[in-house]
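Novice: For reference, the file start.cif (mmCIF, C-alpha atoms and all ligand atoms) is included below:
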data_protein
loop_
_atom_site.label_atom_id
_atom_site.label_comp_id
_atom_site.auth_asym_id
_atom_site.auth_seq_id
_atom_site.Cartn_x
_atom_site.Cartn_y
_atom_site.Cartn_z
CA MET D 68 121.85 144.79 108.55
CA LEU D 69 121.47 143.35 105.06
CA LEU D 70 118.53 141.29 106.30
CA MET D 71 116.92 144.43 107.74
CA THR D 72 117.39 146.31 104.49
CA ASN D 73 115.87 143.42 102.59
CA TRP D 74 112.87 143.34 104.86
CA LEU D 75 112.44 147.09 104.54
CA ARG D 76 112.41 146.70 100.78
CA PHE D 77 109.89 143.90 101.21
CA ALA D 78 107.82 146.18 103.44
CA GLU D 79 107.88 148.94 100.85
CA CYS D 80 106.75 146.52 98.24
CA LEU D 81 103.99 145.05 100.39
CA CYS D 82 102.71 148.02 102.22
CA GLY D 83 103.86 150.93 100.14
CA HIS D 84 106.29 153.67 100.92
CA PHE D 85 104.08 155.21 103.61
CA LEU D 86 104.18 152.20 105.92
CA SER D 87 107.91 151.63 105.56
CA GLN D 88 108.49 155.33 106.34
CA LEU D 89 106.38 154.86 109.47
CA MET D 90 108.56 151.93 110.46
CA HIS D 91 111.70 153.97 109.99
CA ASP D 92 110.17 156.47 112.39
CA ASN D 93 108.76 154.10 114.95
CA LEU D 94 111.27 151.70 116.47
CA ILE D 95 108.77 149.52 118.35
CA THR D 96 106.55 149.07 115.34
CA TYR D 97 109.65 148.22 113.36
CA ILE D 98 110.82 145.56 115.85
CA VAL D 99 107.35 143.98 115.91
CA PHE D 100 107.30 144.03 112.13
CA LEU D 101 110.74 142.38 111.98
CA TRP D 102 109.58 139.65 114.34
CA VAL D 103 106.53 138.97 112.16
CA CYS D 104 108.75 138.86 109.09
CA VAL D 105 111.22 136.45 110.68
CA CYS D 106 108.29 134.21 111.66
CA ALA D 107 106.98 134.42 108.11
CA GLU D 108 110.45 133.53 106.79
CA CYS D 109 110.64 130.54 109.15
CA CYS D 110 107.20 129.48 108.07
CA HIS D 111 108.19 129.78 104.45
CA HIS D 112 111.54 128.03 104.38
CA GLY D 113 112.14 126.26 107.64
CA GLY D 114 109.48 124.45 109.62
CA GLY D 115 106.47 125.71 107.67
CA PRO D 116 104.24 123.41 105.65
CA ILE D 117 104.97 122.97 101.95
CA SER D 118 101.43 124.21 101.32
CA SER D 119 102.68 127.71 102.28
CA LEU D 120 104.85 127.92 99.14
CA CYS D 121 103.97 130.10 96.18
CA THR D 122 103.59 127.99 93.06
CA PRO D 123 104.97 126.68 90.81
CA ALA D 124 107.74 125.45 93.12
CA LEU D 125 110.16 122.54 92.92
CA VAL D 126 110.18 120.58 96.17
CA VAL D 127 112.78 118.00 97.13
CA ASP D 128 112.07 115.26 99.65
CA ILE D 129 115.28 115.12 101.69
CA ASN D 130 114.54 111.67 103.09
CA LYS D 131 114.14 110.16 99.63
CA VAL D 132 117.28 111.93 98.40
CA LYS D 133 119.27 110.48 101.29
CA SER D 134 117.81 107.03 100.81
CA ASN D 135 118.47 107.01 97.03
CA ALA D 136 122.04 108.21 97.59
CA LYS D 137 122.71 105.70 100.36
CA LYS D 138 121.50 102.74 98.29
CA MET D 139 123.77 103.67 95.38
CA THR D 140 126.77 104.32 97.65
CA GLU D 141 126.34 100.98 99.45
CA ARG D 142 125.76 99.08 96.20
CA TYR D 143 129.15 100.16 94.79
CA LYS D 144 130.98 99.82 98.08
CA GLU D 145 129.85 96.20 98.08
CA LEU D 146 130.91 95.72 94.45
CA GLY D 147 134.28 97.32 95.20
CA VAL D 148 133.86 99.92 92.46
CA GLN D 149 134.45 103.65 92.93
CA LEU D 150 131.20 105.63 92.66
CA ARG D 151 131.81 108.97 90.94
CA PRO D 152 128.38 110.63 91.11
CA HIS D 153 127.31 113.02 88.35
CA MET D 154 126.10 116.47 89.47
CA LYS D 155 124.12 117.39 86.36
CA THR D 156 120.66 116.62 87.77
CA HIS D 157 120.69 119.02 90.75
CA LYS D 158 123.87 121.18 90.47
CA THR D 159 123.82 122.07 94.18
CA ILE D 160 126.41 121.88 96.96
CA GLU D 161 124.03 120.32 99.47
CA CYS D 162 123.05 117.41 97.25
CA ALA D 163 126.69 116.91 96.20
CA ASP D 164 127.58 116.60 99.88
CA ILE D 165 124.96 113.87 100.27
CA MET D 166 126.13 112.02 97.14
CA THR D 167 129.81 112.14 98.15
CA THR D 168 128.98 111.34 101.81
CA GLY D 169 130.63 114.61 102.74
CA SER D 170 134.02 113.85 101.18
CA ARG D 171 133.64 116.55 98.49
CA ARG D 172 135.81 114.38 96.25
CA CYS D 173 135.33 112.34 93.11
CA ILE D 174 132.49 113.90 91.10
CA VAL D 175 131.52 114.28 87.43
CA VAL D 176 130.14 117.50 85.94
CA SER D 177 128.67 118.29 82.55
CA THR D 178 129.44 122.01 82.31
CA LEU D 179 132.39 124.22 83.09
CA ALA D 180 130.05 126.35 85.21
CA GLU D 181 129.49 123.30 87.43
CA ALA D 182 133.23 122.59 87.54
CA LEU D 183 133.98 126.17 88.71
CA PHE D 184 131.08 126.14 91.18
CA TYR D 185 132.27 122.94 92.84
CA ALA D 186 135.95 123.96 92.73
CA ASP D 187 135.06 127.27 94.38
CA ASN D 188 133.26 125.35 97.12
CA GLY D 189 136.18 123.12 98.02
CA PHE D 190 135.45 120.08 95.85
CA GLU D 191 138.38 118.09 94.45
CA ASP D 192 138.92 115.33 91.91
CA ILE D 193 136.44 116.74 89.42
CA LEU D 194 135.90 115.13 86.02
CA TYR D 195 134.49 117.44 83.36
CA ALA D 196 132.96 114.63 81.28
CA TYR D 197 132.12 116.55 78.13
CA SER D 198 134.15 116.49 74.90
CA VAL D 199 136.47 119.34 75.80
CA PRO D 200 135.22 122.48 74.00
CA PHE D 201 138.07 124.47 72.45
CA ASP D 202 136.78 127.80 73.79
CA LYS D 203 137.10 126.39 77.31
CA VAL D 204 140.62 124.92 77.13
CA GLU D 205 142.19 127.92 78.89
CA CYS D 206 139.70 127.72 81.75
CA CYS D 207 140.28 123.95 82.01
CA ALA D 208 144.02 124.63 82.15
CA ALA D 209 143.52 127.12 84.99
CA LEU D 210 141.44 124.55 86.92
CA SER D 211 144.06 121.85 86.27
CA GLU D 212 146.71 124.17 87.69
CA ARG D 213 144.61 125.16 90.67
CA LEU D 214 143.09 121.87 91.91
CA ASP D 215 144.84 118.75 93.15
CA LEU D 216 142.97 116.82 90.47
CA PHE D 217 140.92 118.15 87.57
CA GLN D 218 140.19 115.84 84.66
CA VAL D 219 138.93 116.42 81.13
CA LEU D 220 137.51 114.16 78.44
CA LEU D 221 138.00 114.01 74.69
CA ASP D 222 137.12 111.91 71.67
CA HIS D 223 139.04 113.58 68.79
CA PRO D 224 142.74 113.98 67.90
CA ASP D 225 142.20 117.73 67.36
CA ALA D 226 141.18 118.10 71.00
CA LEU D 227 144.41 116.40 72.05
CA GLU D 228 146.33 118.91 69.89
CA GLN D 229 144.55 121.77 71.70
CA LEU D 230 145.69 120.42 75.06
CA LYS D 231 149.25 119.93 73.82
CA LYS D 232 149.30 123.55 72.66
CA ARG D 233 148.61 124.64 76.24
CA PRO D 234 151.14 122.84 78.46
CA LEU D 235 150.30 123.07 82.16
CA ARG D 236 152.59 124.97 84.52
CA ASP D 237 154.70 123.49 87.33
CA GLY D 238 155.15 120.15 85.59
CA ARG D 239 151.47 119.32 85.95
CA LEU D 240 149.81 116.87 83.57
CA TRP D 241 146.52 117.09 81.72
CA HIS D 242 144.45 114.20 83.12
CA VAL D 243 142.48 112.92 80.16
CA TRP D 244 139.66 110.39 79.85
CA MET D 245 138.90 109.11 76.36
CA LYS D 246 135.22 108.76 75.57
CA LEU D 247 134.26 105.42 74.05
CA ASP D 248 130.97 104.82 72.23
CA CYS D 249 129.77 101.31 73.03
CA GLY D 250 126.41 101.69 71.29
CA ASN D 251 125.02 104.83 72.92
CA GLY D 252 125.36 106.73 69.65
CA ARG D 253 126.23 110.17 71.04
CA ALA D 254 129.77 111.37 71.80
CA GLY D 255 132.79 109.06 71.78
CA VAL D 256 135.04 107.11 69.44
CA LEU D 257 133.53 103.83 68.32
CA HIS D 258 134.85 100.89 70.38
CA SER D 259 135.37 98.71 67.29
CA GLN D 260 137.35 101.16 65.15
CA PRO D 261 141.16 100.97 64.96
CA GLU D 262 141.25 104.81 65.23
CA SER D 263 139.95 104.51 68.80
CA LEU D 264 142.96 102.51 69.91
CA LYS D 265 145.24 104.93 68.03
CA LEU D 266 143.73 107.92 69.82
CA ALA D 267 144.18 106.24 73.22
CA GLN D 268 147.83 105.53 72.32
CA ALA D 269 148.33 109.12 71.17
CA ILE D 270 146.94 110.44 74.49
CA ASP D 271 149.15 108.05 76.40
CA GLU D 272 152.28 109.09 74.48
CA ALA D 273 151.64 112.85 74.41
CA GLU D 274 154.01 114.99 76.43
CA GLY D 275 152.38 116.70 79.40
CA VAL D 276 149.31 114.48 79.11
CA GLU D 277 148.21 111.37 81.00
CA LEU D 278 145.62 108.87 79.79
CA THR D 279 143.63 108.63 83.00
CA GLY D 280 140.79 106.43 81.85
CA ILE D 281 138.24 105.17 79.32
CA TYR D 282 134.72 106.56 79.80
CA ALA D 283 131.68 104.88 78.23
CA HIS D 284 128.24 106.30 78.96
CA CYS D 285 125.41 103.83 78.36
CA GLY D 286 122.61 106.33 77.76
CA ASN D 287 121.06 103.67 75.50
CA THR D 288 119.66 102.11 78.70
CA TYR D 289 117.02 104.85 78.41
CA ASN D 290 115.40 102.84 75.57
CA CYS D 291 114.99 99.82 77.88
CA ARG D 292 111.90 98.55 79.63
CA GLY D 293 112.49 96.37 82.67
CA VAL D 294 115.53 95.06 84.51
CA GLU D 295 116.34 92.35 81.97
CA GLN D 296 116.73 94.83 79.11
CA ILE D 297 118.66 97.29 81.31
CA GLN D 298 121.08 94.55 82.33
CA ALA D 299 121.54 93.44 78.73
CA VAL D 300 122.75 96.94 77.81
CA ALA D 301 124.82 97.20 81.01
CA GLN D 302 126.46 93.87 80.16
CA GLU D 303 127.15 94.86 76.56
CA THR D 304 128.71 98.20 77.56
CA THR D 305 130.78 96.54 80.29
CA THR D 306 131.99 93.76 78.00
CA LEU D 307 132.95 96.15 75.18
CA THR D 308 134.72 98.49 77.60
CA LEU D 309 136.64 95.64 79.24
CA GLU D 310 137.59 94.28 75.81
CA PHE D 311 138.93 97.71 74.92
CA MET D 312 140.91 97.76 78.17
CA GLU D 313 142.44 94.40 77.15
CA LYS D 314 143.46 95.84 73.78
CA LEU D 315 145.14 98.73 75.60
CA LYS D 316 146.88 96.33 77.95
CA ALA D 317 148.26 94.43 74.97
CA GLU D 318 149.84 97.74 73.91
CA GLY D 319 151.31 98.19 77.38
CA ILE D 320 148.78 100.81 78.47
CA THR D 321 146.86 100.62 81.73
CA CYS D 322 144.35 103.18 82.94
CA LYS D 323 140.94 103.37 84.64
CA SER D 324 137.59 102.36 83.15
CA SER D 325 134.17 103.86 83.86
CA ILE D 326 130.68 103.21 82.58
CA GLY D 327 127.28 104.20 83.85
CA SER D 328 123.84 105.68 83.69
CA THR D 329 121.15 105.62 86.33
CA PRO D 330 119.32 102.59 84.86
CA SER D 331 122.48 100.45 84.54
CA CYS D 332 123.89 101.52 87.91
CA SER D 333 120.57 100.85 89.63
CA HIS D 334 120.72 97.24 88.37
CA PRO D 335 124.41 96.37 87.93
CA VAL D 336 125.61 93.15 86.33
CA LYS D 337 128.36 91.13 88.04
CA ASP D 338 131.02 92.12 85.51
CA MET D 339 130.67 95.76 86.48
CA ALA D 340 132.77 94.82 89.52
CA ARG D 341 135.72 94.63 87.09
CA LEU D 342 135.45 98.34 86.24
CA SER D 343 137.32 101.05 88.12
CA GLU D 344 134.40 103.48 88.40
CA VAL D 345 130.72 104.13 87.63
CA HIS D 346 129.19 107.56 87.03
CA PRO D 347 125.39 107.75 87.48
CA GLY D 348 123.67 111.01 88.51
CA ASN D 349 119.92 111.09 88.08
CA TYR D 350 119.37 108.40 90.76
CA VAL D 351 119.49 110.94 93.56
CA PHE D 352 116.14 112.38 92.40
CA TYR D 353 114.88 109.69 89.99
CA ASP D 354 111.70 110.58 88.01
CA VAL D 355 108.73 109.11 86.15
CA GLN D 356 110.95 108.21 83.18
CA GLN D 357 113.21 106.11 85.44
CA SER D 358 110.19 104.35 86.92
CA VAL D 359 108.92 103.53 83.41
CA ILE D 360 112.37 102.18 82.42
CA GLY D 361 112.46 100.10 85.59
CA SER D 362 115.35 101.82 87.42
CA CYS D 363 113.18 102.62 90.45
CA SER D 364 109.59 102.69 91.67
CA LEU D 365 107.47 105.83 91.57
CA GLU D 366 107.73 105.97 95.39
CA ASP D 367 111.50 106.56 95.07
CA VAL D 368 111.06 109.81 93.11
CA ALA D 369 112.28 112.62 95.37
CA VAL D 370 110.98 115.68 93.51
CA ARG D 371 107.62 117.25 92.75
CA VAL D 372 106.51 120.49 91.14
CA LEU D 373 103.83 122.08 93.27
CA THR D 374 101.13 123.83 91.27
CA ARG D 375 97.69 125.30 91.94
CA VAL D 376 94.38 125.20 90.13
CA ILE D 377 93.84 128.65 88.65
CA GLY D 378 90.92 128.06 86.30
CA HIS D 379 87.86 125.90 85.56
CA CYS D 380 86.94 125.24 81.94
CA PRO D 381 83.76 123.10 82.05
CA HIS D 382 83.14 123.69 78.32
CA ARG D 383 86.36 121.73 77.66
CA ASN D 384 86.13 119.40 80.70
CA GLN D 385 89.50 120.84 81.83
CA LEU D 386 91.28 122.56 84.71
CA LEU D 387 93.95 125.20 84.30
CA ILE D 388 97.00 125.06 86.57
CA ASP D 389 99.76 127.61 87.21
CA CYS D 390 102.56 125.39 85.90
CA GLY D 391 103.49 125.58 82.25
CA TRP D 392 106.63 124.44 80.51
CA ALA D 393 108.63 127.13 82.33
CA GLY D 394 108.03 125.18 85.54
CA LEU D 395 108.18 121.60 84.27
CA SER D 396 109.92 121.55 80.84
CA LEU D 397 108.48 119.83 77.80
CA ASP D 398 110.66 116.75 78.23
CA GLY D 399 108.73 113.56 77.66
CA ALA D 400 106.64 115.26 74.95
CA GLY D 401 103.44 114.34 76.77
CA LYS D 402 103.71 110.68 75.81
CA LEU D 403 102.85 109.26 79.25
CA PRO D 404 99.26 107.96 79.64
CA THR D 405 99.04 110.85 82.14
CA GLY D 406 100.59 113.33 79.68
CA TYR D 407 103.63 115.42 80.67
CA ALA D 408 103.79 114.27 84.30
CA VAL D 409 102.06 112.12 86.88
CA VAL D 410 99.67 114.06 89.12
CA ASP D 411 100.51 112.60 92.54
CA GLY D 412 97.47 110.97 94.15
CA HIS D 413 95.18 111.70 91.18
CA PRO D 414 95.56 108.77 88.77
CA ASN D 415 92.60 109.91 86.64
CA LEU D 416 94.18 113.30 85.82
CA LYS D 417 96.26 113.95 82.72
CA LEU D 418 98.49 116.98 82.07
CA LEU D 419 97.41 117.33 78.49
CA SER D 420 99.37 120.37 77.32
CA MET D 421 101.29 123.40 78.50
CA THR D 422 102.08 126.91 77.40
CA GLN D 423 104.80 128.89 79.16
CA GLU D 424 102.90 129.56 82.39
CA HIS D 425 99.68 127.52 82.04
CA GLY D 426 98.91 123.82 82.08
CA ARG D 427 95.73 122.15 80.84
CA VAL D 428 94.57 119.20 82.91
CA GLU D 429 91.73 116.86 81.99
CA PRO D 430 90.39 113.55 83.29
CA ILE D 431 91.61 110.39 81.56
CA SER D 432 87.99 109.30 81.52
CA GLY D 433 84.65 110.74 82.57
CA LYS D 434 83.54 114.21 83.56
CA LEU D 435 85.60 116.39 85.90
CA ASP D 436 84.05 116.88 89.32
CA TYR D 437 84.96 120.54 89.80
CA SER D 438 83.87 120.46 93.44
CA LYS D 439 86.97 118.34 94.11
CA TYR D 440 89.27 120.96 92.58
CA PRO D 441 88.23 124.44 93.75
CA LEU D 442 90.45 127.29 92.57
CA GLY D 443 93.56 127.36 94.74
CA THR D 444 93.74 123.56 95.12
CA MET D 445 97.37 122.43 95.24
CA LEU D 446 98.44 119.56 92.98
CA LYS D 447 101.84 117.82 93.00
CA LEU D 448 103.35 116.95 89.63
CA ILE D 449 105.90 114.12 89.49
CA PRO D 450 108.19 115.17 86.64
CA TYR D 451 108.90 113.00 83.62
CA HIS D 452 112.60 113.98 83.64
CA SER D 453 113.90 115.51 86.87
CA CYS D 454 117.13 116.87 85.28
CA ALA D 455 115.09 118.92 82.80
CA THR D 456 112.54 120.04 85.40
CA ALA D 457 115.16 121.01 88.00
CA ALA D 458 116.91 123.09 85.31
CA MET D 459 113.81 125.31 85.12
CA HIS D 460 114.02 126.34 88.80
CA PRO D 461 116.34 128.90 90.48
CA THR D 462 115.54 127.51 93.95
CA TYR D 463 114.65 124.05 95.26
CA TYR D 464 112.52 123.88 98.43
CA VAL D 465 113.66 121.01 100.61
CA HIS D 466 111.18 119.23 102.86
CA SER D 467 110.91 116.37 105.30
CA GLU D 468 107.41 114.91 105.36
CA ASP D 469 105.23 117.98 104.98
CA ARG D 470 107.59 120.53 106.61
CA LEU D 471 110.05 122.77 104.83
CA VAL D 472 113.59 122.33 106.09
CA GLY D 473 115.68 124.45 103.73
CA LYS D 474 116.42 125.88 100.30
CA TRP D 475 119.03 124.80 97.77
CA THR D 476 120.39 127.10 95.09
CA PRO D 477 121.76 125.37 91.98
CA THR D 478 124.41 126.76 89.68
CA ARG D 479 123.37 127.57 86.12
CA GLY D 480 124.90 128.28 82.73
CA TRP D 481 127.73 126.65 80.84
C1 LIG D 501 128.44 111.78 80.02
C2 LIG D 501 127.45 111.42 81.06
N1 LIG D 501 127.86 110.75 82.15
C3 LIG D 501 127.00 110.40 83.14
C4 LIG D 501 125.66 110.72 83.07
C5 LIG D 501 124.74 110.32 84.19
O1 LIG D 501 123.76 109.43 83.74
P1 LIG D 501 122.31 109.41 84.37
O2 LIG D 501 121.69 110.73 84.09
O3 LIG D 501 121.61 108.27 83.66
O4 LIG D 501 122.47 109.16 85.81
C6 LIG D 501 125.19 111.41 81.94
C7 LIG D 501 123.78 111.75 81.80
O5 LIG D 501 123.31 112.24 80.82
C8 LIG D 501 126.10 111.77 80.92
O6 LIG D 501 125.72 112.44 79.83
#
Take the structure in the file and give it back as structure tokens.
Ligand SMILES: Cc1ncc(COP(=O)(O)O)c(C=O)c1O

Specialist:
Amino acid sequence: MLLMTNWLRFAECLCGHFLSQLMHDNLITYIVFLWVCVCAECCHHGGGPISSLCTPALVVDINKVKSNAKKMTERYKELGVQLRPHMKTHKTIECADIMTTGSRRCIVVSTLAEALFYADNGFEDILYAYSVPFDKVECCAALSERLDLFQVLLDHPDALEQLKKRPLRDGRLWHVWMKLDCGNGRAGVLHSQPESLKLAQAIDEAEGVELTGIYAHCGNTYNCRGVEQIQAVAQETTTLTLEFMEKLKAEGITCKSSIGSTPSCSHPVKDMARLSEVHPGNYVFYDVQQSVIGSCSLEDVAVRVLTRVIGHCPHRNQLLIDCGWAGLSLDGAGKLPTGYAVVDGHPNLKLLSMTQEHGRVEPISGKLDYSKYPLGTMLKLIPYHSCATAAMHPTYYVHSEDRLVGKWTPTRGW
């Protein structure tokens, strides 16, 4: 019934009130119309070609997603380390199912909105790996009381005090990871400072609180170029984390350890087998940035933004496309030789600049042959940073080869 109502609204929009009124009045016409609409829907989202999509649209290659996820899962099974995939790149149920091989357990999230979304959809053992914000302590408490296992992260004694002020009901414990900075230079207590050990001890000793683990994120692998540099950072982070674990052990404290990022987890060093967990996320999509770092090849990238040529500007030797920063994001700042993205299959094209809904494309060298790019031509942009690009889209269109096979709806907000 809801579907019918939706299609009637669609009909009103498309054909005007007169036609929809006619359909109300004429059952046969209405049934024929419904059939056409259902076919159109199938064509659009299941079985149709990706070329039928309105642009800009984010498309996800399901085969590449599955292959990227499988490789990471098998890599850590072999190493004997628990893979706790991060959901921040896609924020969808379907992709989470692929990354957890259907277990719906053992994930990391970066926002409380993600935590609630996954909890509401039957996921368990969720780690909210973000220095616990004080305005969200009550909501974290509710999740800790509701799920079998909900875990938070902190890097400041004041945050520990906030948790202590809100004891959990039914004898439950706050499960706390302490964030350790091993050279990433973002959140976390510095591995070398005596205060870091003191904070870990304070968490361990606090009533109603359990020190679950030490979490070091090696985002500094994003400055690397090539496997050797990636592995040097992975080794350094692993060594510093394991040294910290030894210091804890000397104080009689044992807990889990976790490091990770997509570059380091794509090229692990042997010592990473001594960790309890790793927590990469971007690997399921990958992107141009990861291929430049050396985490993957460009062929592994599972996402594209489809766009169409909407203008010719021969006086500037440029094309206009219908994807601006609202469809791609400005991440990467245009510093690739091909600008803000790679135009799939067109190595001589550069996405020079974008406004909200327009992109300017020019050749890297020579004069544009406009006959090759008539208005309406579809181009596929490989994003610089898939997390940022995916965040711009309310729907992801999933395809296998050239056929659409479904739609994923991510959660949004904080
Ligand atoms: C705290 C934390 N953990 C894990 C990840 C996942 O790393 P990546 O995006 O390199 O897969 C991120 C990414 O930003 C992060 O901030």

Novice: If I take atom CA of Gly275 of chain D and atom CA of Gln218 of chain D, how far is one from the other in Å, to one decimal?

Specialist: 13.3 Å

Novice: Counting all atoms listed in the file, figure out which residue out of D:Gly327, D:Pro224, D:Pro414, D:Pro381 gets nearest to Lys447 of chain D.

Specialist: D:Pro414

Novice: How would you report the residues lying within 6 Å of ligand LIG 501 (chain D), as a compact mmCIF listing (two decimals) with C-alpha atoms, in the frame of the given file, if you count only C-alpha atoms and all ligand atoms?

Specialist:
# COMPACT_ATOMS: atom_id res chain seq x y z
CA HIS D 153 127.31 113.02 88.35
CA ALA D 196 132.96 114.63 81.28
CA HIS D 284 128.24 106.30 78.96
CA SER D 328 123.84 105.68 83.69
CA THR D 329 121.15 105.62 86.33
CA HIS D 346 129.19 107.56 87.03
CA PRO D 347 125.39 107.75 87.48
CA GLY D 348 123.67 111.01 88.51
CA ASN D 349 119.92 111.09 88.08
CA TYR D 350 119.37 108.40 90.76

Novice: Please provide the set of residues having any atom within 7 Å of Pro116 of chain D, restricted to only C-alpha atoms, with same-chain residues fewer than 6 positions apart removed, written as a PyMOL selection string.

Specialist: chain D and resi 469-471

Novice: Restricting the output to C-alpha atoms, write the selected residues as a short mmCIF file (atom, residue, chain, number, x, y, z; two decimals), in the frame of the given file.

Specialist:
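Generated output (again12.cif):
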data_model
loop_
_atom_site.label_atom_id
_atom_site.label_comp_id
_atom_site.auth_asym_id
_atom_site.auth_seq_id
_atom_site.Cartn_x
_atom_site.Cartn_y
_atom_site.Cartn_z
CA ASP D 469 105.23 117.98 104.98
CA ARG D 470 107.59 120.53 106.61
CA LEU D 471 110.05 122.77 104.83
#

Novice: What is the atom CA of Ile388 of chain D to atom CA of Leu448 of chain D distance in Å?

Specialist: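 Rounded to one decimal, the two atoms are 10.7 Å apart.
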
Novice: Between atom CA of Ile431 of chain D and atom CA of Tyr407 of chain D, what is the spacing in Å?

Specialist: 13.1 Å

Novice: Select, from D:Ile320, D:Leu210, D:Leu395, D:Val409, the residue with the minimum atom-to-atom distance to Leu365 of chain D, counting all atoms listed in the file.

Specialist: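 Residue with the minimum atom-to-atom distance to Leu365 of chain D: D:Val409.
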
Novice: For Tyr353 of chain D, list every protein, DNA or RNA residue within 7 Å, evaluated using all atoms listed in the file, and leave out those in the same chain fewer than 5 positions away; present the list as a PyMOL selection string.

Specialist: chain D and resi 367-369+453

Novice: Taking (151.3, 120.9, 84.0) as a centre in this file's frame and 9 Å as the limit, can you find every polymer residue with an atom that close, using all atoms listed in the file, and give them as a ChimeraX atom specification?

Specialist: /D:208,211-212,234-241,275-276

Novice: What are the centre and the three edge lengths of an axis-aligned box that wraps all atoms of segment 157-164 of chain D in the file, given that 5 Å is added to every side, written as lines of an AutoDock Vina configuration file and rounded to one decimal in Å?

Specialist:
center_x = 124.1
center_y = 119.3
center_z = 95.2
size_x = 16.9
size_y = 15.5
size_z = 19.4

Novice: Kindly indicate which residue among D:Leu221, D:Cys322, D:Ala317, D:Ala163 lies nearest to Phe184 of chain D, using only C-alpha atoms for the distances.

Specialist: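 Under the stated criterion, the closest residue is D:Ala163.
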
Novice: Here is a test: counting only C-alpha atoms, which residue of D:Val300, D:Lys417, D:Pro123, D:Ile129 is nearest to Val472 of chain D?

Specialist: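 Answer, going by the shortest atom-to-atom distance: D:Ile129.
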
Novice: Given the choices D:Ile360, D:Val127, D:Leu387, D:Met154, which gets closest to Ala180 of chain D if the distance is worked out from all atoms listed in the file?

Specialist: D:Met154

Novice: In terms of the shortest atom-to-atom distance over all atoms listed in the file, which of D:Ser333, D:Thr156, D:Leu386, D:Arg375 is closest to Thr444 of chain D?

Specialist: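 Closest residue, counting all atoms listed in the file: D:Arg375.
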
Novice: Find the spatial neighbours of Ala283 of chain D, counting all atoms listed in the file, within a cut-off of 6 Å - ignore same-chain residues fewer than 3 positions away - and output them as a PDB file with C-alpha atoms, in the frame of the given file.

Specialist:
ATOM      1  CA  LYS D 246     135.220 108.760  75.570  1.00  0.00           C
ATOM      2  CA  LEU D 247     134.260 105.420  74.050  1.00  0.00           C
ATOM      3  CA  ILE D 326     130.680 103.210  82.580  1.00  0.00           C
TER       4      ILE D 326
END

Novice: List as a PyMOL selection string the protein and nucleic acid residues near Leu183 of chain D, meaning an atom at most 10 Å away when all atoms listed in the file are counted, but skip any in the same chain fewer than 5 places from it.

Specialist: chain D and resi 176+178+188+190+193+206-207+210+478
